[in-house]
Structures are given as C-alpha cells and as structure tokens.
$ cat run-v3.csv   # CSV, C-alpha atoms and all ligand atoms
chain,number,residue,atom,x,y,z
A,973,MET,CA,-20.1,-17.7,19.4
A,974,ALA,CA,-21.7,-16.8,16.2
A,975,THR,CA,-19.5,-16.2,13.2
A,976,SER,CA,-20.0,-14.5,9.9
A,977,THR,CA,-18.3,-14.5,6.5
A,978,THR,CA,-17.1,-11.6,4.3
A,979,PRO,CA,-15.1,-11.5,1.1
A,980,GLY,CA,-11.3,-11.1,1.4
A,981,LEU,CA,-10.4,-7.5,2.2
A,982,VAL,CA,-8.2,-5.4,-0.1
A,983,CYS,CA,-5.3,-3.1,0.9
A,984,ALA,CA,-5.3,-0.5,-1.9
A,985,HIS,CA,-1.9,1.0,-1.1
A,986,HIS,CA,0.9,-0.9,0.7
A,987,HIS,CA,4.7,-1.0,0.8
A,988,LEU,CA,5.7,-4.6,1.3
A,989,TYR,CA,9.4,-3.4,1.6
A,990,SER,CA,8.6,-1.6,4.9
A,991,ALA,CA,7.6,-4.5,7.0
A,992,LEU,CA,11.1,-4.8,8.4
A,993,ALA,CA,11.2,-1.1,9.4
A,994,ARG,CA,9.5,-1.5,12.8
A,995,GLY,CA,12.0,-1.1,15.5
A,996,MET,CA,14.6,0.4,13.2
A,997,PRO,CA,17.3,2.7,14.8
A,998,ALA,CA,16.3,6.3,15.3
A,999,PRO,CA,17.5,8.5,12.4
A,1000,PRO,CA,20.7,10.6,12.8
A,1001,ARG,CA,18.6,13.8,13.1
A,1002,THR,CA,15.0,14.1,14.2
A,1003,PRO,CA,12.7,14.7,11.2
A,1004,THR,CA,10.7,17.9,11.6
A,1005,ASP,CA,8.5,17.8,8.5
A,1006,PHE,CA,7.3,15.5,5.7
A,1007,LEU,CA,10.4,15.9,3.5
A,1008,SER,CA,12.8,15.3,6.3
A,1009,ILE,CA,10.8,12.2,7.3
A,1010,LEU,CA,11.3,10.9,3.7
A,1011,GLN,CA,15.0,11.9,3.8
A,1012,GLN,CA,15.8,10.7,7.3
A,1013,VAL,CA,13.7,7.5,7.4
A,1014,TRP,CA,12.3,6.1,4.2
A,1015,TRP,CA,14.9,7.1,1.7
A,1016,ARG,CA,17.7,5.7,3.9
A,1017,LEU,CA,15.7,2.6,4.4
A,1018,ASP,CA,14.9,1.8,0.8
A,1019,THR,CA,18.5,2.5,-0.3
A,1020,ALA,CA,19.7,-0.2,2.1
A,1021,LEU,CA,17.4,-2.9,0.9
A,1022,ASP,CA,18.6,-5.9,-1.1
A,1023,LEU,CA,16.6,-8.8,-2.6
A,1024,GLU,CA,17.0,-11.1,0.4
A,1025,MET,CA,15.6,-8.5,2.7
A,1026,LEU,CA,12.7,-7.9,0.3
A,1027,GLU,CA,11.8,-11.6,0.2
A,1028,TRP,CA,11.3,-11.8,3.9
A,1029,SER,CA,9.8,-8.4,4.4
A,1030,ALA,CA,7.2,-9.3,1.8
A,1031,LYS,CA,6.5,-12.7,3.4
A,1032,LEU,CA,6.1,-11.1,6.8
A,1033,ALA,CA,3.7,-8.5,5.4
A,1034,ALA,CA,1.7,-11.2,3.5
A,1035,VAL,CA,1.4,-13.4,6.6
A,1036,GLU,CA,0.1,-10.4,8.6
A,1037,ALA,CA,-2.3,-9.4,5.9
A,1038,LEU,CA,-4.0,-12.8,6.0
A,1039,GLN,CA,-4.1,-12.7,9.8
A,1040,ALA,CA,-6.2,-9.5,9.3
A,1041,GLY,CA,-8.4,-11.0,6.7
A,1042,THR,CA,-6.7,-9.1,3.8
A,1043,THR,CA,-6.3,-11.4,0.7
A,1044,ALA,CA,-5.3,-8.8,-1.9
A,1045,ILE,CA,-2.6,-6.1,-1.8
A,1046,ILE,CA,-1.8,-3.3,-4.2
A,1047,ASP,CA,1.8,-2.6,-3.5
A,1048,HIS,CA,4.1,0.3,-4.4
A,1049,HIS,CA,7.8,-0.7,-4.3
A,1050,GLU,CA,11.2,1.0,-4.2
A,1051,SER,CA,14.6,-0.5,-3.6
A,1052,PRO,CA,17.0,1.7,-5.5
A,1053,ASN,CA,20.0,-0.5,-5.1
A,1054,ALA,CA,18.1,-3.7,-6.0
A,1055,ILE,CA,15.8,-2.8,-8.7
A,1056,GLU,CA,16.0,-5.5,-11.3
A,1057,GLY,CA,14.0,-8.5,-10.4
A,1058,SER,CA,12.6,-6.9,-7.2
A,1059,LEU,CA,9.0,-7.1,-8.4
A,1060,ASP,CA,9.4,-10.9,-9.1
A,1061,VAL,CA,10.7,-11.4,-5.5
A,1062,LEU,CA,7.7,-9.6,-4.1
A,1063,ALA,CA,5.3,-11.6,-6.3
A,1064,ALA,CA,6.9,-14.9,-5.5
A,1065,ALA,CA,6.8,-14.2,-1.7
A,1066,CYS,CA,3.1,-13.3,-1.8
A,1067,ALA,CA,2.3,-16.3,-4.0
A,1068,GLU,CA,4.0,-18.6,-1.5
A,1069,VAL,CA,2.0,-17.3,1.4
A,1070,GLY,CA,-1.2,-17.2,-0.6
A,1071,VAL,CA,-1.9,-13.5,-0.9
A,1072,ARG,CA,-3.0,-11.8,-4.2
A,1073,LEU,CA,-0.5,-9.0,-5.2
A,1074,ARG,CA,-0.5,-6.2,-7.7
A,1075,THR,CA,2.8,-4.4,-7.6
A,1076,ALA,CA,4.6,-1.5,-9.2
A,1077,TYR,CA,8.1,-0.1,-9.1
A,1078,GLY,CA,8.0,3.6,-7.9
A,1079,VAL,CA,10.1,5.3,-10.6
A,1080,THR,CA,12.0,8.4,-9.4
A,1081,ASP,CA,14.9,10.7,-10.4
A,1082,ARG,CA,16.2,10.8,-6.8
A,1083,HIS,CA,19.0,8.5,-7.9
A,1084,GLY,CA,19.7,10.2,-11.3
A,1085,PRO,CA,18.4,9.4,-14.7
A,1086,GLU,CA,19.9,5.9,-14.6
A,1087,GLY,CA,17.8,5.1,-11.6
A,1088,ALA,CA,14.7,6.3,-13.3
A,1089,LEU,CA,15.4,4.3,-16.4
A,1090,ALA,CA,16.1,1.2,-14.3
A,1091,GLY,CA,12.7,1.7,-12.5
A,1092,LEU,CA,10.8,2.1,-15.8
A,1093,ALA,CA,12.6,-1.0,-17.1
A,1094,GLU,CA,11.6,-3.1,-14.1
A,1095,ASN,CA,7.9,-2.2,-14.5
A,1096,GLU,CA,8.0,-3.0,-18.1
A,1097,ARG,CA,10.0,-6.3,-17.7
A,1098,PHE,CA,7.6,-7.5,-14.9
A,1099,ILE,CA,4.4,-6.6,-16.7
A,1100,ARG,CA,5.5,-7.9,-20.1
A,1101,ALA,CA,6.4,-11.2,-18.5
A,1102,GLY,CA,2.9,-11.6,-17.3
A,1103,GLY,CA,3.2,-10.1,-13.8
A,1104,ASP,CA,0.1,-8.5,-12.2
A,1105,GLY,CA,1.4,-4.9,-12.2
A,1106,MET,CA,0.9,-1.2,-12.7
A,1107,VAL,CA,3.5,1.3,-13.7
A,1108,GLY,CA,4.7,3.0,-10.5
A,1109,LEU,CA,5.9,6.5,-10.0
A,1110,HIS,CA,7.2,7.7,-6.6
A,1111,ALA,CA,5.7,11.2,-6.8
A,1112,ALA,CA,5.8,14.0,-9.4
A,1113,PHE,CA,8.0,16.2,-7.1
A,1114,THR,CA,10.8,13.7,-7.2
A,1115,CYS,CA,10.7,13.2,-11.0
A,1116,ASP,CA,11.8,15.2,-14.0
A,1117,PRO,CA,8.9,16.0,-16.2
A,1118,ALA,CA,10.4,13.7,-18.9
A,1119,THR,CA,10.3,10.8,-16.5
A,1120,VAL,CA,6.6,11.5,-15.6
A,1121,ASP,CA,5.8,11.5,-19.3
A,1122,ALA,CA,7.8,8.3,-19.8
A,1123,ALA,CA,5.9,6.6,-17.0
A,1124,ILE,CA,2.5,7.7,-18.3
A,1125,GLY,CA,3.5,6.6,-21.8
A,1126,LEU,CA,4.7,3.2,-20.6
A,1127,ALA,CA,1.4,2.7,-18.7
A,1128,GLU,CA,-0.6,3.4,-21.8
A,1129,ASP,CA,1.6,1.1,-23.9
A,1130,LEU,CA,1.2,-1.7,-21.4
A,1131,GLU,CA,-2.5,-0.9,-20.9
A,1132,VAL,CA,-2.2,-0.7,-17.1
A,1133,GLY,CA,-2.8,2.2,-14.7
A,1134,LEU,CA,-0.3,4.4,-13.0
A,1135,HIS,CA,0.2,4.0,-9.2
A,1136,VAL,CA,1.6,7.2,-7.8
A,1137,HIS,CA,1.8,9.3,-4.5
A,1138,VAL,CA,0.0,12.6,-5.1
A,1139,ALA,CA,0.1,15.7,-3.0
A,1140,GLU,CA,0.9,13.8,0.2
A,1141,GLY,CA,2.8,16.8,1.6
A,1142,ALA,CA,2.6,20.5,0.7
A,1143,ILE,CA,5.9,20.1,-1.2
A,1144,ASP,CA,4.0,18.0,-3.9
A,1145,ALA,CA,0.9,20.2,-4.0
A,1146,GLY,CA,1.7,21.8,-7.3
A,1147,PRO,CA,3.3,18.9,-9.2
A,1148,GLY,CA,0.8,16.5,-7.7
A,1149,ALA,CA,-2.2,18.5,-8.8
A,1150,GLU,CA,-0.7,18.8,-12.3
A,1151,LEU,CA,-0.3,15.1,-12.5
A,1152,ALA,CA,-3.7,14.3,-11.0
A,1153,ARG,CA,-5.3,16.4,-13.8
A,1154,ARG,CA,-3.8,14.0,-16.3
A,1155,SER,CA,-5.2,10.9,-14.6
A,1156,ASP,CA,-7.1,8.1,-16.3
A,1157,ASP,CA,-9.7,5.7,-15.0
A,1158,ASP,CA,-7.2,3.0,-14.1
A,1159,TRP,CA,-4.8,5.2,-12.1
A,1160,ILE,CA,-4.3,4.9,-8.3
A,1161,LEU,CA,-3.6,8.4,-6.8
A,1162,VAL,CA,-2.3,8.0,-3.3
A,1163,HIS,CA,-3.0,10.5,-0.4
A,1164,GLY,CA,-4.2,13.6,-2.3
A,1165,VAL,CA,-4.0,15.5,1.0
A,1166,HIS,CA,-3.0,18.8,-0.6
A,1167,LEU,CA,-5.1,18.6,-3.8
A,1168,PRO,CA,-7.4,21.5,-4.3
A,1169,ASP,CA,-11.1,21.2,-3.7
A,1170,GLY,CA,-13.1,20.6,-6.8
A,1171,ILE,CA,-10.2,19.1,-8.8
A,1172,ASP,CA,-11.3,17.0,-11.8
A,1173,ILE,CA,-9.7,13.6,-11.5
A,1174,ASP,CA,-10.2,10.2,-13.0
A,1175,GLY,CA,-9.0,7.1,-11.3
A,1176,THR,CA,-9.1,6.3,-7.5
A,1177,ILE,CA,-7.8,8.4,-4.7
A,1178,VAL,CA,-6.4,6.0,-2.0
A,1179,HIS,CA,-6.7,7.4,1.6
A,1180,ASN,CA,-4.2,6.3,4.2
A,1181,PRO,CA,-5.3,7.8,7.5
A,1182,ARG,CA,-2.8,6.3,9.9
A,1183,SER,CA,0.1,7.2,7.7
A,1184,ASN,CA,-1.1,10.7,7.2
A,1185,LEU,CA,-1.6,11.2,10.9
A,1186,ASN,CA,1.8,9.7,11.6
A,1187,ASN,CA,3.5,12.1,9.2
A,1188,ALA,CA,1.5,15.1,10.2
A,1189,VAL,CA,0.7,16.0,6.6
A,1190,GLY,CA,-2.8,17.0,7.3
A,1191,TYR,CA,-6.3,15.6,6.7
A,1192,ALA,CA,-7.1,14.5,3.1
A,1193,ALA,CA,-10.8,14.9,3.7
A,1194,PRO,CA,-11.5,12.4,0.9
A,1195,GLY,CA,-15.2,13.0,1.0
A,1196,ARG,CA,-14.6,16.2,-1.0
A,1197,PHE,CA,-13.4,14.2,-4.1
A,1198,SER,CA,-15.9,13.3,-6.7
A,1199,CYS,CA,-13.9,10.3,-8.0
A,1200,ALA,CA,-13.7,6.9,-6.3
A,1201,VAL,CA,-11.9,6.7,-2.9
A,1202,GLY,CA,-10.2,3.6,-1.6
A,1203,LEU,CA,-8.3,2.8,1.6
A,1204,GLY,CA,-4.7,1.8,2.1
A,1205,THR,CA,-2.1,1.5,4.9
A,1206,ASP,CA,0.9,3.0,3.2
A,1207,GLY,CA,3.0,0.2,4.5
A,1208,ILE,CA,1.9,0.1,8.1
A,1209,GLY,CA,0.5,-3.4,8.1
A,1210,ALA,CA,-2.7,-4.5,6.2
A,1211,ASP,CA,-5.4,-4.5,8.9
A,1212,MET,CA,-8.1,-2.9,6.8
A,1213,LEU,CA,-10.8,-2.9,9.5
A,1214,ASP,CA,-8.4,-0.9,11.7
A,1215,GLU,CA,-7.8,1.5,8.9
A,1216,PHE,CA,-11.5,1.8,8.3
A,1217,ARG,CA,-12.1,2.7,11.9
A,1218,LEU,CA,-9.4,5.3,11.8
A,1219,ALA,CA,-10.7,6.7,8.6
A,1220,PHE,CA,-14.1,7.0,10.2
A,1221,VAL,CA,-13.0,8.7,13.4
A,1222,GLN,CA,-10.7,11.1,11.5
A,1223,GLN,CA,-13.6,12.1,9.4
A,1224,ARG,CA,-15.7,12.4,12.5
A,1225,ALA,CA,-13.1,14.6,14.2
A,1226,VAL,CA,-13.9,17.3,11.7
A,1227,ASP,CA,-17.6,16.5,11.2
A,1228,VAL,CA,-19.5,15.0,14.0
A,1229,THR,CA,-22.5,14.2,11.7
A,1230,ALA,CA,-20.3,11.8,9.6
A,1231,THR,CA,-21.5,8.2,9.6
A,1232,PRO,CA,-19.3,5.1,9.2
A,1233,GLU,CA,-21.0,4.2,5.9
A,1234,THR,CA,-18.7,6.7,4.1
A,1235,ALA,CA,-15.5,5.1,5.3
A,1236,TRP,CA,-17.0,1.7,4.7
A,1237,SER,CA,-17.7,2.6,1.1
A,1238,TRP,CA,-14.0,3.5,0.8
A,1239,LEU,CA,-13.1,0.0,2.1
A,1240,GLU,CA,-15.5,-1.5,-0.5
A,1241,THR,CA,-13.7,0.4,-3.3
A,1242,GLY,CA,-10.9,-2.1,-2.8
A,1243,TRP,CA,-13.2,-4.7,-4.4
A,1244,ASP,CA,-13.6,-2.6,-7.5
A,1245,LEU,CA,-9.8,-2.5,-7.8
A,1246,PHE,CA,-9.3,-6.2,-7.0
A,1247,PRO,CA,-12.6,-8.0,-7.8
A,1248,GLU,CA,-11.0,-11.4,-7.2
A,1249,ALA,CA,-10.9,-10.8,-3.5
A,1250,ARG,CA,-14.7,-10.1,-3.5
A,1251,ASP,CA,-15.6,-12.9,-5.9
A,1252,ALA,CA,-13.3,-15.8,-4.9
A,1253,ASP,CA,-12.0,-15.2,-1.4
A,1254,GLU,CA,-13.8,-15.6,2.0
A,1255,VAL,CA,-13.0,-14.7,5.6
A,1256,ASP,CA,-14.8,-16.2,8.5
A,1257,TRP,CA,-14.9,-13.9,11.5
A,1258,GLY,CA,-15.6,-14.6,15.1
A,1259,TYR,CA,-18.1,-11.8,15.2
A,1260,PRO,CA,-21.7,-12.0,14.0
A,1261,GLU,CA,-22.3,-8.6,12.4
A,1262,MET,CA,-19.7,-7.4,9.9
A,1263,SER,CA,-21.3,-4.1,9.0
A,1264,ALA,CA,-20.2,-0.5,9.1
A,1265,TRP,CA,-21.9,0.6,12.3
A,1266,HIS,CA,-20.8,-2.5,14.2
A,1267,LEU,CA,-17.2,-2.4,13.1
A,1268,ALA,CA,-16.8,1.3,13.7
A,1269,TYR,CA,-17.0,0.5,17.4
A,1270,THR,CA,-15.9,-3.1,17.6
A,1271,THR,CA,-12.1,-3.2,17.9
A,1272,SER,CA,-11.3,-6.8,17.9
A,1273,PRO,CA,-13.2,-9.1,15.5
A,1274,GLN,CA,-11.1,-12.2,15.2
A,1275,VAL,CA,-10.2,-13.9,11.9
A,1276,ARG,CA,-11.1,-17.6,12.1
A,1277,GLU,CA,-10.3,-18.8,8.6
A,1278,VAL,CA,-9.3,-17.3,5.3
A,1279,ARG,CA,-9.9,-18.9,2.0
A,1280,VAL,CA,-8.3,-17.7,-1.3
A,1281,ASP,CA,-9.8,-19.3,-4.4
A,1282,GLY,CA,-11.3,-21.9,-2.0
A,1283,GLU,CA,-8.0,-22.9,-0.5
A,1284,VAL,CA,-7.6,-22.4,3.3
A,1285,VAL,CA,-4.5,-20.1,3.6
A,1286,CYS,CA,-5.0,-19.1,7.3
A,1287,ARG,CA,-6.7,-20.9,10.1
A,1288,ASP,CA,-6.8,-20.6,13.9
A,1289,GLY,CA,-4.7,-17.5,13.7
A,1290,THR,CA,-1.8,-18.7,11.6
A,1291,THR,CA,-0.9,-19.4,8.0
A,1292,THR,CA,-1.3,-22.8,6.4
A,1293,ARG,CA,1.1,-22.6,3.4
A,1294,VAL,CA,4.1,-21.2,5.2
A,1295,ASP,CA,5.4,-21.7,8.8
A,1296,GLU,CA,4.7,-18.4,10.4
A,1297,ALA,CA,7.4,-18.9,13.1
A,1298,GLU,CA,10.0,-19.4,10.4
A,1299,VAL,CA,8.8,-16.3,8.5
A,1300,ARG,CA,9.0,-14.2,11.6
A,1301,ALA,CA,12.5,-15.6,12.5
A,1302,LYS,CA,13.9,-15.0,9.0
A,1303,ALA,CA,12.3,-11.6,8.9
A,1304,ALA,CA,13.9,-10.7,12.2
A,1305,GLU,CA,17.3,-11.8,10.9
A,1306,GLN,CA,16.9,-9.7,7.7
A,1307,ALA,CA,15.8,-6.7,9.8
A,1308,LEU,CA,19.1,-6.9,11.7
A,1309,ARG,CA,21.0,-6.9,8.4
A,1310,LEU,CA,18.9,-3.9,7.3
A,1311,PHE,CA,19.5,-2.0,10.5
A,1312,ALA,CA,23.2,-2.7,10.3
A,1313,ALA,CA,23.2,-1.4,6.7
A,1314,LEU,CA,21.5,1.8,7.9
A,1315,GLU,CA,24.3,2.4,10.5
A,1316,VAL,CA,26.9,2.6,7.7
B,1401,ZN,ZN,2.9,5.1,0.0
$ encode --input "run-v3.csv" --output "structure tokens" --more "lines below"
Ligand SMILES: [Zn+2]
Amino acid sequence: MATSTTPGLVCAHHHLYSALARGMPAPPRTPTDFLSILQQVWWRLDTALDLEMLEWSAKLAAVEALQAGTTAIIDHHESPNAIEGSLDVLAAACAEVGVRLRTAYGVTDRHGPEGALAGLAENERFIRAGGDGMVGLHAAFTCDPATVDAAIGLAEDLEVGLHVHVAEGAIDAGPGAELARRSDDDWILVHGVHLPDGIDIDGTIVHNPRSNLNNAVGYAAPGRFSCAVGLGTDGIGADMLDEFRLAFVQQRAVDVTATPETAWSWLETGWDLFPEARDADEVDWGYPEMSAWHLAYTTSPQVREVRVDGEVVCRDGTTTRVDEAEVRAKAAEQALRLFAALEV
C-alpha cells in the first residue's frame, strides 16, 4: 500500500503525569461538576504521585506519543508532594524514549504559599539549568493574585512564556479572563471555554476537545478567537489525528458548514510552537493522503516509522530506544502503587 510522510506531530497541551490514571479506582464520591472532578479525581491523583511513578508515567506517555506520530509534547506538570526535580525526571524520561519535551510546573496555592513557592522554584531551577521549559501556573482561580504576579514576573525574567489553564470551567471565567488579558505572544492559554467573545488576547489558545467533552465544561468554540489556536489532549494520550477529528466534529456539531481545514490549521499551530518537529522530524504513514479532508474521515492511518532528528525512534509499531514491553510492565507496577496510595 502507498505510504506518505508528514512532519512529527505536536501535542500542545499534555499532562505526562496522568498516563497512569487509566483504570484508577472510582473516587469516593461521584463528581457532579468541573470543580468536583478536579477535587475527586485529579487533585487526589497528583497529590499521590512520587518521582518513581512520574518516571514511568512519562515513559509510557512518550512511547504512546511516538506510536501516534507525535514527536513533540508541551507538558504541564503537577506533583505537589514531589516537586523538586520533577521536571528533570519528565525531561529525562522523554529524552530516553526519543520525544521532544517542553515542560512547566503548574504553580498553585492549593497547598499553601509554601507549595506555590516550591512550584515557582522548580520552574526557575529547571529553566536556569538549561531545560526546555515554560513557567507553569495551574489556573488563576487556584492562585493568590500575588502568586499570579510572581509567575508572570518569573516568565519575563527567564524570557519564556506562561503555560496556564484559562477559563476551563465557569468557576475560572472571571479570573481566567483577567489573566488572559495580560497575555503575551509566547503564552499558552489552555481551554478558554468560558472566555468572552471578542476578548483581546496574545499568545495561543490550546483547544482540548476530548477533555472538554469528558468534563462537560462546554464547547470552547475556538474559531471565535482572533489569536492563534492549537490542539492538545489535556493528558488523554497524544494521538493528535484523533484529537483533530474530534475538534472537527465538535465544531461541525454546532455548524454543519464547518470544514476540516479549520481544525487542521489548529493542528498545524503546533509546528509554530515547536518548529523542530516540523523541520527535523518525519513520520511515515501507511496511508497515501495525509490531508484534512481525508483524515477527517479516515480513522486508522497507521504509523510505519518515526524519525526524530533523522534517528528512527519508532518502527513497525514499537519504539526502538526503549523496550516497550518493559515500559508497559513498569508503568503497570507504578500504577498499582499509585492506586494503593489513592486508597489511603
Ligand atoms: Zn490541562
């Protein structure tokens, strides 16, 4: 069968720490809205993480990214009981597998001012040491105004962008919009579901259709923003063609005249954020026509080979630098440790 080649794909918003979450025990109470999903699921999970869990969670996520043709990941990280050194663990894991990573620690006041300071320090330490990073902020609604100011100031000092969840749920509509109005060209503003129409923003809005549907937060309608729009998974894998298809049909659900070129342009924004994936990485696909109208309705184009900087990192469905079976086995062990920690 004919094949074709594209650049490496980019996931513009991921959470490597969440790869172990699949199959986790049900929360003590059934979440009924966005805030209780955070409280019952994600904030219990991130609190239970340690550095060993992170290592294997990141390796598993990186392996699965390559298997989907994704060679670059923009990650947003939180592990409040294992902050120091966490970004190094994620970076080392991705480097071992052969995936490009830009990460950030999501600063928050949910664990008091000491937690916020430790998060800021981890961003600064990692970036000053030469790591490919941004300054992360969880979301304005979980931070004191002084912490928001400190994160913005640190990003300016380090000459990197801010990577932050913005107006994902209605609870962050006010603080999120206020923060978005302060944005700069190099910021990544994630979700934007509850931002007002016509808001003047710099930076890139990253749309995460599967996550938004899963959390019932509403439709971001990213076509209404005048700034750049990218695509992310919000931690649910790194299959960007799948996310593109979902972005298209979700747009189509409210506008039957929508064409897949719009969602495709959102996918292409990833290359503006991570040009190395476009310029130096290649993916061979077992499908001859890798274009918007084909891929909107083709659900299973197979990755044949992935090359990062010319090196084959994935071939015949599996990774070349790491043993996929070992990564999956170790990740499964760490998932059991994580699930046990959640029961405490
Ligand atoms: Zn997120």
$ residues_around --input "run-v3.csv" --residues "Glu1050 of chain A" --least-positions-apart "2" --cutoff "9 Å" --atoms "all atoms listed in the file" --output "PyMOL selection string"
chain A and resi 987+989+1018-1019+1021+1048+1052-1055+1058+1076-1079+1091+1110
$ residues_around --input "run-v3.csv" --residues "segment 1288-1297 of chain A" --least-positions-apart "4" --cutoff "8 Å" --atoms "all atoms listed in the file" --output "list in words"
Val1035, Leu1038, Gln1039, Glu1068, Val1069, Gly1070, Val1275, Arg1276, Glu1277, Val1284 and Ala1301 of chain A
$ residues_around --input "run-v3.csv" --residues "segment 1112-1125 of chain A" --least-positions-apart "2" --cutoff "9 Å" --atoms "all atoms listed in the file" --output "PyMOL selection string"
chain A and resi 1079-1082+1085+1088-1089+1092+1107-1110+1127-1130+1133-1134+1136-1139+1143-1148+1150-1151
$ write_last_selection --input "run-v3.csv" --atoms "C-alpha atoms" --output "mmCIF file, keeping the file's coordinate frame"
data_model
loop_
_atom_site.group_PDB
_atom_site.id
_atom_site.type_symbol
_atom_site.label_atom_id
_atom_site.label_comp_id
_atom_site.auth_asym_id
_atom_site.auth_seq_id
_atom_site.Cartn_x
_atom_site.Cartn_y
_atom_site.Cartn_z
ATOM 1 C CA VAL A 1079 10.100 5.300 -10.600
ATOM 2 C CA THR A 1080 12.000 8.400 -9.400
ATOM 3 C CA ASP A 1081 14.900 10.700 -10.400
ATOM 4 C CA ARG A 1082 16.200 10.800 -6.800
ATOM 5 C CA PRO A 1085 18.400 9.400 -14.700
ATOM 6 C CA ALA A 1088 14.700 6.300 -13.300
ATOM 7 C CA LEU A 1089 15.400 4.300 -16.400
ATOM 8 C CA LEU A 1092 10.800 2.100 -15.800
ATOM 9 C CA VAL A 1107 3.500 1.300 -13.700
ATOM 10 C CA GLY A 1108 4.700 3.000 -10.500
ATOM 11 C CA LEU A 1109 5.900 6.500 -10.000
ATOM 12 C CA HIS A 1110 7.200 7.700 -6.600
ATOM 13 C CA ALA A 1127 1.400 2.700 -18.700
ATOM 14 C CA GLU A 1128 -0.600 3.400 -21.800
ATOM 15 C CA ASP A 1129 1.600 1.100 -23.900
ATOM 16 C CA LEU A 1130 1.200 -1.700 -21.400
ATOM 17 C CA GLY A 1133 -2.800 2.200 -14.700
ATOM 18 C CA LEU A 1134 -0.300 4.400 -13.000
ATOM 19 C CA VAL A 1136 1.600 7.200 -7.800
ATOM 20 C CA HIS A 1137 1.800 9.300 -4.500
ATOM 21 C CA VAL A 1138 0.000 12.600 -5.100
ATOM 22 C CA ALA A 1139 0.100 15.700 -3.000
ATOM 23 C CA ILE A 1143 5.900 20.100 -1.200
ATOM 24 C CA ASP A 1144 4.000 18.000 -3.900
ATOM 25 C CA ALA A 1145 0.900 20.200 -4.000
ATOM 26 C CA GLY A 1146 1.700 21.800 -7.300
ATOM 27 C CA PRO A 1147 3.300 18.900 -9.200
ATOM 28 C CA GLY A 1148 0.800 16.500 -7.700
ATOM 29 C CA GLU A 1150 -0.700 18.800 -12.300
ATOM 30 C CA LEU A 1151 -0.300 15.100 -12.500
#
$ closest_atom_pairs --input "run-v3.csv" --of "chain A" --to "ligand ZN 1401 (chain B)" --cutoff "9 Å" --atoms "all atoms listed in the file" --output "CSV"
residue,atom,partner,partner_atom,distance
A:His985,CA,B:ZN1401,ZN,6.4
A:His986,CA,B:ZN1401,ZN,6.4
A:His987,CA,B:ZN1401,ZN,6.4
A:Asp1047,CA,B:ZN1401,ZN,8.5
A:His1048,CA,B:ZN1401,ZN,6.6
A:His1049,CA,B:ZN1401,ZN,8.7
A:His1110,CA,B:ZN1401,ZN,8.3
A:Val1136,CA,B:ZN1401,ZN,8.2
A:His1137,CA,B:ZN1401,ZN,6.3
A:Glu1140,CA,B:ZN1401,ZN,8.9
A:Val1162,CA,B:ZN1401,ZN,6.8
A:His1163,CA,B:ZN1401,ZN,8.0
A:Asn1180,CA,B:ZN1401,ZN,8.3
A:Ser1183,CA,B:ZN1401,ZN,8.5
A:Gly1204,CA,B:ZN1401,ZN,8.5
A:Thr1205,CA,B:ZN1401,ZN,7.9
A:Asp1206,CA,B:ZN1401,ZN,4.3
A:Gly1207,CA,B:ZN1401,ZN,6.7
$ atom_distance --input "run-v3.csv" --atom1 "atom CA of Gly1087 of chain A" --atom2 "atom CA of Cys983 of chain A"
27.5 Å
$ residues_around --input "run-v3.csv" --residues "Leu992 of chain A" --least-positions-apart "4" --cutoff "12 Å" --atoms "all atoms listed in the file" --output "number ranges by chain"
A: 987-988, 996-997, 1014, 1017-1018, 1020-1021, 1024-1033, 1207-1209, 1299-1311
$ atom_distance --input "run-v3.csv" --atom1 "atom CA of Ile1046 of chain A" --atom2 "atom CA of Arg1074 of chain A"
4.7 Å
$ atom_distance --input "run-v3.csv" --atom1 "atom CA of Gly1105 of chain A" --atom2 "atom CA of Cys1066 of chain A"
13.5 Å
$ closest_residue --input "run-v3.csv" --among "A:Leu1213, A:Leu1023, A:Ala1037, A:Leu1218" --to "Ala1064 of chain A" --atoms "all atoms listed in the file"
A:Leu1023
$ residues_around --input "run-v3.csv" --residues "Trp1265 of chain A" --least-positions-apart "4" --cutoff "10 Å" --atoms "only C-alpha atoms" --output "short mmCIF file (atom, residue, chain, number, x, y, z; two decimals) with C-alpha atoms, in the coordinates of the input"
data_model
loop_
_atom_site.label_atom_id
_atom_site.label_comp_id
_atom_site.auth_asym_id
_atom_site.auth_seq_id
_atom_site.Cartn_x
_atom_site.Cartn_y
_atom_site.Cartn_z
CA THR A 1231 -21.50 8.20 9.60
CA PRO A 1232 -19.30 5.10 9.20
CA GLU A 1233 -21.00 4.20 5.90
CA TRP A 1236 -17.00 1.70 4.70
CA GLU A 1261 -22.30 -8.60 12.40
CA TYR A 1269 -17.00 0.50 17.40
CA THR A 1270 -15.90 -3.10 17.60
#
$ closest_residue --input "run-v3.csv" --among "A:Val1013, A:Ala1152, A:Ala1264, A:Ala998" --to "His1135 of chain A" --atoms "only C-alpha atoms"
A:Ala1152
$ closest_residue --input "run-v3.csv" --among "A:Ile1045, A:Ala1252, A:Ala1268, A:Val1280" --to "Val982 of chain A" --atoms "all atoms listed in the file"
A:Ile1045
